[in-house]
Amino acid sequence: MQQLSVSSELDFQSESYKDAYSRINAIVIEGEQEAHDNYLKLAELLPDHKEELIRLSKMENRHMKGFQSCGRNLSVTPDMDFARTFFSGLHGNFQKAAATGNVVTCLLIQSLIIECFAIAAYNIYIPVADPFARKITEGVVKDEYTHLNFGEVWLKDHFEASKAELEEANRQNLPLVWRMLNDVADDAHNLGMEKDALVEDFMIAYGEALSNIGFTTRDIMRMSAYGLAAA
Ligand code: PL3
Ligand code: FE2
Ligand code: FE2
């Protein structure tokens, strides 16, 4: 019953909780919206997987609606301007990669980095969430593993041809993740989530993904170090 005692220390109706929630909730809504758009773009770039990618994009749309209802349930208005700024770096890099047909970079950004970020955040949020949001988030996180798996399987099947682009995309985008984690650390703390735990769970999920794709432990150590100094 440790989870109950953790969440009972949080007052979901306090002004400080709701203030932090207005930004975290917006981040999650914006993240799900962008994930929806990104899978639709990937469906264009990978016509052989069109049906499946459209199915994934529909799941993201459902996730977005679920998290909107979490905000409404707490009478919180999400700060969407804050969230768009929060995602602008990854968003811009995805758009650039899509425009030049760099599908490997698009997959790294959406299916590896963003999904691992979501998996880490949602797993850490579940034990400290209000009962309504907990139920929604439990359903969402199961789906995120299947989205991560799509990227892993495709990149594993095209590993040799993708390796150099993956390394470059990792180098350009991983530092943005550390900046995002720093930007969200105080608000996450107010919801009962610690930055160290977010970093740890993200690194475990991301490292496992790189390993499943075909990278060696040595590669993974080297790739994980990019931008870490900022964390
Ligand atoms: C892809 O399916 C979803 C992308 C969402 C990205 C979410 C990142 C979340 C970081 C904020 C940490 C707090 C999470 C709280 C959960 C409600
Ligand atoms: Fe999602
Ligand atoms: Fe997802």
# chains A, B, ... in the order shown; residues from 1 in each chain; ligands from 1
>>> residues_near_ligand(ligand="ligand 2", cutoff="12 Å", atoms="only C-alpha atoms and all ligand atoms", output="count of residues only")
49
>>> residues_around(residues="A:Arg84", least_positions_apart="2", cutoff="9 Å", atoms="only C-alpha atoms", output="VMD selection string")
chain A and resid 26 to 27 30 to 31 80 to 82 86 to 88 91
>>> residues_around(residues="A:Ile213", least_positions_apart="2", cutoff="12 Å", atoms="only C-alpha atoms", output="ChimeraX atom specification")
/A:108,112,148-160,162-163,166,206-211,215-217,219-220
>>> write_last_selection(atoms="C-alpha atoms", output="PDB file, in the first residue's frame")
ATOM      1  CA  LEU A 108      14.347   7.770 -34.038  1.00  0.00           C
ATOM      2  CA  LEU A 112      12.343   5.786 -29.954  1.00  0.00           C
ATOM      3  CA  LEU A 148       8.169   1.773 -29.554  1.00  0.00           C
ATOM      4  CA  ASN A 149       8.108  -1.771 -30.900  1.00  0.00           C
ATOM      5  CA  PHE A 150       7.147  -0.573 -34.388  1.00  0.00           C
ATOM      6  CA  GLY A 151      10.271   1.601 -34.531  1.00  0.00           C
ATOM      7  CA  GLU A 152      12.497  -1.126 -33.086  1.00  0.00           C
ATOM      8  CA  VAL A 153      11.358  -3.751 -35.575  1.00  0.00           C
ATOM      9  CA  TRP A 154      11.669  -1.496 -38.629  1.00  0.00           C
ATOM     10  CA  LEU A 155      15.107  -0.185 -37.602  1.00  0.00           C
ATOM     11  CA  LYS A 156      16.337  -3.692 -36.730  1.00  0.00           C
ATOM     12  CA  ASP A 157      15.293  -4.896 -40.193  1.00  0.00           C
ATOM     13  CA  HIS A 158      17.188  -1.985 -41.789  1.00  0.00           C
ATOM     14  CA  PHE A 159      20.000  -1.760 -39.248  1.00  0.00           C
ATOM     15  CA  GLU A 160      23.104  -1.710 -41.423  1.00  0.00           C
ATOM     16  CA  SER A 162      20.342   3.035 -40.931  1.00  0.00           C
ATOM     17  CA  LYS A 163      23.227   2.902 -38.462  1.00  0.00           C
ATOM     18  CA  LEU A 166      20.713   6.814 -36.322  1.00  0.00           C
ATOM     19  CA  TYR A 206      16.082   3.944 -24.709  1.00  0.00           C
ATOM     20  CA  GLY A 207      19.136   1.748 -24.113  1.00  0.00           C
ATOM     21  CA  GLU A 208      17.018  -1.407 -24.403  1.00  0.00           C
ATOM     22  CA  ALA A 209      15.545  -0.111 -27.651  1.00  0.00           C
ATOM     23  CA  LEU A 210      18.994   0.583 -29.124  1.00  0.00           C
ATOM     24  CA  SER A 211      20.096  -2.892 -28.060  1.00  0.00           C
ATOM     25  CA  PHE A 215      23.684  -1.618 -31.300  1.00  0.00           C
ATOM     26  CA  THR A 216      26.414  -3.035 -29.048  1.00  0.00           C
ATOM     27  CA  THR A 217      26.727  -2.091 -25.381  1.00  0.00           C
ATOM     28  CA  ASP A 219      27.729   1.883 -28.985  1.00  0.00           C
ATOM     29  CA  ILE A 220      24.906   2.436 -26.503  1.00  0.00           C
TER      30      ILE A 220
END
>>> closest_residue(among="A:Arg171, A:Arg23, A:Arg218, A:Lys18", to="ligand 1", atoms="only C-alpha atoms and all ligand atoms")
A:Arg23
>>> atom_distance(atom1="atom CA of A:Leu10", atom2="atom CA of A:Ile124")
14.7 Å
>>> closest_residue(among="A:Leu107, A:Ala164, A:Leu181, A:Pro131", to="A:Met193", atoms="only C-alpha atoms")
A:Leu181
